[in-house]
>>> print(open('query.cif').read())   # mmCIF, C-alpha atoms
data_structure
#
loop_
_atom_site.label_atom_id
_atom_site.label_comp_id
_atom_site.auth_asym_id
_atom_site.auth_seq_id
_atom_site.Cartn_x
_atom_site.Cartn_y
_atom_site.Cartn_z
CA MET W 1 -59.23 45.53 -35.43
CA SER W 2 -61.68 48.28 -36.38
CA ILE W 3 -59.20 50.84 -35.00
CA PHE W 4 -56.42 49.29 -37.11
CA PHE W 5 -58.52 49.60 -40.28
CA SER W 6 -59.43 53.17 -39.38
CA TYR W 7 -55.70 53.99 -39.37
CA ILE W 8 -55.30 52.30 -42.77
CA PHE W 9 -58.10 54.53 -44.05
CA LEU W 10 -56.29 57.50 -42.50
CA GLY W 11 -53.16 56.53 -44.49
CA LEU W 12 -55.25 56.41 -47.67
CA SER W 13 -56.66 59.85 -46.89
CA LEU W 14 -53.19 61.29 -46.24
CA ALA W 15 -51.86 59.99 -49.58
CA ALA W 16 -54.88 60.88 -51.70
CA PRO W 17 -54.52 64.67 -52.24
CA ILE W 18 -53.18 65.40 -55.72
CA GLY W 19 -49.58 66.60 -55.65
CA PRO W 20 -46.23 66.13 -57.41
CA ILE W 21 -46.04 62.40 -56.68
CA ASN W 22 -49.48 61.62 -58.09
CA ALA W 23 -48.71 63.74 -61.16
CA ALA W 24 -45.41 61.87 -61.63
CA GLN W 25 -47.17 58.50 -61.22
CA ILE W 26 -49.71 59.40 -63.90
CA ASP W 27 -46.90 60.42 -66.22
CA LYS W 28 -44.90 57.22 -65.63
CA GLY W 29 -48.00 55.05 -65.86
CA ILE W 30 -48.98 56.23 -69.33
CA LYS W 31 -45.40 56.06 -70.59
CA SER W 32 -43.96 52.93 -69.02
CA GLY W 33 -46.82 51.00 -67.41
CA PHE W 34 -47.78 49.85 -63.93
CA TRP W 35 -44.36 48.77 -62.66
CA ASN W 36 -42.61 52.10 -63.22
CA ALA W 37 -45.58 54.07 -61.87
CA TRP W 38 -45.67 51.89 -58.74
CA LEU W 39 -41.93 52.32 -58.21
CA VAL W 40 -42.34 56.12 -58.26
CA GLY W 41 -44.95 55.75 -55.53
CA LEU W 42 -42.82 53.23 -53.61
CA GLY W 43 -39.84 55.58 -53.65
CA ALA W 44 -42.05 58.38 -52.33
CA THR W 45 -43.46 56.06 -49.66
CA ILE W 46 -39.97 55.13 -48.45
CA ALA W 47 -39.19 58.85 -48.13
CA ASP W 48 -42.47 59.27 -46.21
CA MET W 49 -41.40 56.46 -43.88
CA ILE W 50 -38.11 58.27 -43.18
CA TYR W 51 -40.03 61.36 -42.10
CA MET W 52 -42.43 59.28 -40.04
CA LEU W 53 -39.41 57.83 -38.21
CA LEU W 54 -37.92 61.31 -37.72
CA VAL W 55 -41.19 62.45 -36.15
CA TYR W 56 -41.44 59.24 -34.11
CA PHE W 57 -37.95 59.67 -32.66
CA GLY W 58 -38.38 63.41 -32.12
CA LEU W 59 -35.76 64.57 -34.62
CA VAL W 60 -37.94 67.15 -36.37
CA GLN W 61 -36.11 70.08 -34.79
CA PHE W 62 -33.24 69.51 -37.24
CA ILE W 63 -35.60 69.98 -40.19
CA GLU W 64 -36.88 73.26 -38.72
CA ILE W 65 -33.44 74.91 -39.10
CA PRO W 66 -33.91 77.75 -41.68
CA PHE W 67 -30.84 76.73 -43.72
CA ILE W 68 -32.08 73.14 -44.00
CA LYS W 69 -35.58 74.30 -44.98
CA THR W 70 -34.13 76.61 -47.66
CA LEU W 71 -31.96 73.78 -48.97
CA LEU W 72 -34.97 71.47 -49.18
CA TRP W 73 -37.13 74.05 -50.97
CA SER W 74 -34.32 74.70 -53.47
CA PHE W 75 -33.60 71.03 -54.09
CA GLY W 76 -37.30 70.31 -54.46
CA CYS W 77 -37.56 73.14 -57.00
CA PHE W 78 -34.74 71.65 -59.07
CA VAL W 79 -36.06 68.07 -58.93
CA LEU W 80 -39.62 69.01 -59.89
CA ILE W 81 -38.74 71.43 -62.70
CA TYR W 82 -36.21 68.97 -64.14
CA THR W 83 -38.74 66.12 -64.00
CA GLY W 84 -41.47 68.30 -65.51
CA ILE W 85 -39.30 69.45 -68.42
CA GLU W 86 -38.18 65.88 -69.03
CA SER W 87 -41.82 64.78 -69.07
CA ILE W 88 -42.79 67.43 -71.64
CA ILE W 89 -39.81 66.67 -73.89
CA ALA W 90 -40.56 62.94 -73.81
CA ALA W 91 -44.31 63.47 -74.35
CA GLY W 92 -43.96 63.70 -78.13
CA LYS W 93 -42.19 60.34 -78.22
CA ILE W 94 -45.00 58.35 -76.60
CA SER W 95 -45.99 55.29 -78.55
CA ILE W 96 -48.65 52.91 -77.29
CA GLN W 97 -46.79 49.99 -78.83
CA ASN W 98 -43.28 50.54 -77.55
CA SER W 99 -43.24 52.94 -74.61
CA ARG W 100 -43.50 50.30 -71.87
CA ASN W 101 -40.39 49.86 -69.74
CA ALA W 102 -38.75 52.78 -71.57
CA GLU W 103 -37.33 53.97 -68.26
CA SER W 104 -35.24 51.93 -65.85
CA SER W 105 -36.81 50.72 -62.62
CA VAL W 106 -34.04 52.31 -60.54
CA LYS W 107 -34.61 55.73 -62.13
CA SER W 108 -38.37 55.52 -61.50
CA PHE W 109 -37.83 54.55 -57.85
CA PHE W 110 -35.32 57.30 -57.11
CA SER W 111 -37.31 59.98 -58.96
CA GLY W 112 -40.20 59.33 -56.56
CA PHE W 113 -37.87 59.02 -53.57
CA PHE W 114 -36.03 62.31 -54.12
CA MET W 115 -39.22 64.09 -55.18
CA SER W 116 -40.81 63.25 -51.84
CA LEU W 117 -37.63 63.55 -49.76
CA SER W 118 -36.98 67.07 -51.05
CA ASN W 119 -40.59 68.19 -50.70
CA PRO W 120 -40.94 70.55 -47.69
CA ILE W 121 -44.71 70.22 -47.96
CA THR W 122 -44.29 66.49 -47.29
CA ILE W 123 -42.09 67.28 -44.31
CA LEU W 124 -44.49 69.81 -42.82
CA PHE W 125 -47.39 67.47 -43.63
CA TRP W 126 -45.92 64.55 -41.68
CA ILE W 127 -44.76 66.76 -38.83
CA GLY W 128 -48.18 68.37 -38.53
CA ILE W 129 -50.51 65.47 -39.26
CA TYR W 130 -48.52 62.45 -38.10
CA GLY W 131 -47.04 64.39 -35.21
CA SER W 132 -50.48 65.23 -33.85
CA ILE W 133 -51.72 61.67 -34.45
CA LEU W 134 -48.64 60.33 -32.65
CA ALA W 135 -49.25 62.58 -29.66
CA LYS W 136 -52.91 61.60 -29.45
CA THR W 137 -52.21 57.87 -29.89
CA ALA W 138 -49.33 57.87 -27.39
CA ALA W 139 -51.68 59.31 -24.78
CA SER W 140 -54.12 56.40 -25.19
CA TYR W 141 -52.03 53.35 -26.17
CA ASP W 142 -48.74 51.66 -25.30
CA ARG W 143 -45.65 51.57 -27.53
CA ASP W 144 -46.51 48.29 -29.30
CA GLN W 145 -49.92 49.60 -30.31
CA LEU W 146 -48.31 52.87 -31.38
CA ILE W 147 -46.02 50.97 -33.79
CA LEU W 148 -48.96 48.85 -35.00
CA TYR W 149 -51.14 51.86 -35.81
CA SER W 150 -48.23 53.70 -37.42
CA SER W 151 -47.74 50.63 -39.63
CA ALA W 152 -51.44 50.79 -40.53
CA ILE W 153 -50.98 54.37 -41.76
CA PHE W 154 -48.02 53.20 -43.85
CA ILE W 155 -50.11 50.33 -45.30
CA GLY W 156 -52.79 52.83 -46.30
CA VAL W 157 -50.21 54.95 -48.14
CA LEU W 158 -48.92 51.84 -49.97
CA ILE W 159 -52.45 50.83 -51.01
CA TRP W 160 -53.01 54.29 -52.48
CA ASP W 161 -49.74 54.09 -54.42
CA ILE W 162 -50.72 50.73 -55.93
CA THR W 163 -54.16 52.11 -56.82
CA MET W 164 -52.67 55.20 -58.49
CA ALA W 165 -50.20 53.07 -60.46
CA ALA W 166 -53.02 50.80 -61.66
CA ILE W 167 -55.20 53.74 -62.71
CA ALA W 168 -52.34 55.54 -64.46
CA SER W 169 -51.16 52.46 -66.38
CA SER W 170 -54.73 51.58 -67.41
CA PHE W 171 -54.99 54.92 -69.24
CA ARG W 172 -52.76 53.50 -71.95
CA ARG W 173 -55.18 50.70 -72.79
CA TYR W 174 -58.08 52.98 -73.64
CA LEU W 175 -56.56 56.23 -74.87
CA ARG W 176 -54.91 57.10 -78.15
CA SER W 177 -51.31 58.31 -78.41
CA GLY W 178 -52.38 61.93 -78.95
CA ILE W 179 -54.42 62.03 -75.75
CA LEU W 180 -51.64 60.30 -73.82
CA THR W 181 -49.25 62.98 -75.06
CA ILE W 182 -51.59 65.73 -73.83
CA ILE W 183 -51.89 64.07 -70.41
CA SER W 184 -48.10 63.73 -70.20
CA VAL W 185 -47.61 67.40 -71.10
CA LEU W 186 -50.19 68.47 -68.49
CA SER W 187 -48.45 66.30 -65.89
CA GLY W 188 -45.15 67.94 -66.81
CA ILE W 189 -46.64 71.43 -66.50
CA SER W 190 -48.09 70.46 -63.13
CA LEU W 191 -44.66 69.32 -61.90
CA ILE W 192 -43.03 72.54 -63.15
CA GLY W 193 -45.75 74.55 -61.39
CA PHE W 194 -45.03 72.81 -58.09
CA GLY W 195 -41.31 73.35 -58.71
CA LEU W 196 -41.77 77.08 -59.27
CA TYR W 197 -43.78 77.29 -56.06
CA PHE W 198 -40.96 75.55 -54.19
CA GLY W 199 -38.45 77.98 -55.75
CA TYR W 200 -40.58 80.92 -54.62
CA GLN W 201 -40.62 79.54 -51.07
CA ALA W 202 -36.83 79.16 -51.15
CA ILE W 203 -36.44 82.80 -52.26
CA LYS W 204 -38.76 83.91 -49.45
CA MET W 205 -36.64 82.00 -46.93
CA ILE W 206 -33.48 83.76 -48.19
CA PHE W 207 -34.68 87.34 -48.64
CA PHE W 208 -37.66 87.75 -46.30
#
>>> encode(input="query.cif", output="structure tokens")
Amino acid sequence: MSIFFSYIFLGLSLAAPIGPINAAQIDKGIKSGFWNAWLVGLGATIADMIYMLLVYFGLVQFIEIPFIKTLLWSFGCFVLIYTGIESIIAAGKISIQNSRNAESSVKSFFSGFFMSLSNPITILFWIGIYGSILAKTAASYDRDQLILYSSAIFIGVLIWDITMAAIASSFRRYLRSGILTIISVLSGISLIGFGLYFGYQAIKMIFF
């Protein structure tokens, strides 16, 4: 059981570094509350699970094809810049009284899903980290335990997403509209910054 909990903690550690998903969750949390922020994280987690399965079944070679990597960098660039600009434009419309549930649940879910699915850093992250964990675990445990410990990692990621959604949505209770607007703008700029980085990587893949 202690090993199982250690893998849950590993999942928490893997999800914790600040990136586009956390920035998007903060933005959704202060605009639309816990539910929308959690759905962004859930969408991202489902995308993570897809990559975990790809690594598990040894299908990562397909992702390593240069054309596919360039396509992912480019799509990630578009998704992040679009989301960032949308966040900045909507920042001036934040109202503590009426901004909850301003965005549909489906849109929140798929924004997180496509943001993570199109993120090559996520792909390389799961291939590198989870791939090495998988190799190490497979050498010491049987298949059932391998699935159990992989599930523990996934549980850790889910716990982090719920925590981030709760923190982001709680901002609204204690901060004034002006401060919420500033946070939303900063989140948008952060997303655009990640998007530009992805675009730069796509250009490098094409021309270098």
>>> closest_residue(input="query.cif", among="W:Thr45, W:Ser13, W:Ser151, W:Ser118", to="Phe78 of chain W", atoms="all atoms listed in the file")
W:Ser118
>>> atom_distance(input="query.cif", atom1="atom CA of Cys77 of chain W", atom2="atom CA of Ala202 of chain W")
8.4 Å
>>> closest_residue(input="query.cif", among="W:Thr122, W:Ser87, W:Ser116, W:Ser74", to="Gly43 of chain W", atoms="all atoms listed in the file")
W:Ser116
>>> closest_residue(input="query.cif", among="W:Ile89, W:Ile147, W:Leu72, W:Ile21", to="Tyr56 of chain W", atoms="all atoms listed in the file")
W:Ile147
>>> atom_distance(input="query.cif", atom1="atom CA of Gly188 of chain W", atom2="atom CA of Tyr51 of chain W")
26.1 Å
>>> residues_around(input="query.cif", residues="Met205 of chain W", least_positions_apart="2", cutoff="9 Å", atoms="all atoms listed in the file", output="list in words")
Pro66, Phe67, Lys69, Thr70, Trp73, Tyr200, Gln201, Ala202, Ile203, Phe207 and Phe208 of chain W
>>> residues_around(input="query.cif", residues="Ser104 of chain W", least_positions_apart="5", cutoff="12 Å", atoms="all atoms listed in the file", output="list in words")
Lys28, Lys31, Ser32, Gly33, Trp35, Asn36, Ala37, Leu39, Val40, Ser99, Phe109, Phe110 and Ser111 of chain W
>>> write_last_selection(input="query.cif", atoms="C-alpha atoms", output="compact mmCIF listing (two decimals), in the frame of the given file")
# COMPACT_ATOMS: atom_id res chain seq x y z
CA LYS W 28 -44.90 57.22 -65.63
CA LYS W 31 -45.40 56.06 -70.59
CA SER W 32 -43.96 52.93 -69.02
CA GLY W 33 -46.82 51.00 -67.41
CA TRP W 35 -44.36 48.77 -62.66
CA ASN W 36 -42.61 52.10 -63.22
CA ALA W 37 -45.58 54.07 -61.87
CA LEU W 39 -41.93 52.32 -58.21
CA VAL W 40 -42.34 56.12 -58.26
CA SER W 99 -43.24 52.94 -74.61
CA PHE W 109 -37.83 54.55 -57.85
CA PHE W 110 -35.32 57.30 -57.11
CA SER W 111 -37.31 59.98 -58.96
>>> atom_distance(input="query.cif", atom1="atom CA of Val55 of chain W", atom2="atom CA of Leu196 of chain W")
27.4 Å
>>> closest_residue(input="query.cif", among="W:Gln25, W:Ser170, W:Ser150, W:Asn119", to="Ser184 of chain W", atoms="all atoms listed in the file")
W:Gln25
>>> residues_around(input="query.cif", residues="Leu10 of chain W", least_positions_apart="6", cutoff="10 Å", atoms="only C-alpha atoms", output="VMD selection string")
chain W and resid 4 16 152 to 157
>>> residues_around(input="query.cif", residues="Ile85 of chain W", least_positions_apart="3", cutoff="8 Å", atoms="only C-alpha atoms", output="ChimeraX atom specification")
/W:81-82,88-89,188-189,192
>>> closest_residue(input="query.cif", among="W:Gly84, W:Pro20, W:Gly199, W:Gly11", to="Met52 of chain W", atoms="all atoms listed in the file")
W:Gly11
>>> closest_residue(input="query.cif", among="W:Gly58, W:Pro120, W:Gly29, W:Gly193", to="Gly76 of chain W", atoms="all atoms listed in the file")
W:Pro120
>>> residues_around(input="query.cif", residues="Leu42 of chain W", least_positions_apart="4", cutoff="9 Å", atoms="only C-alpha atoms", output="list in words")
Ala37, Trp38, Ile46, Ala47, Phe109, Gly112, Phe113, Leu158, Asp161 and Ile162 of chain W
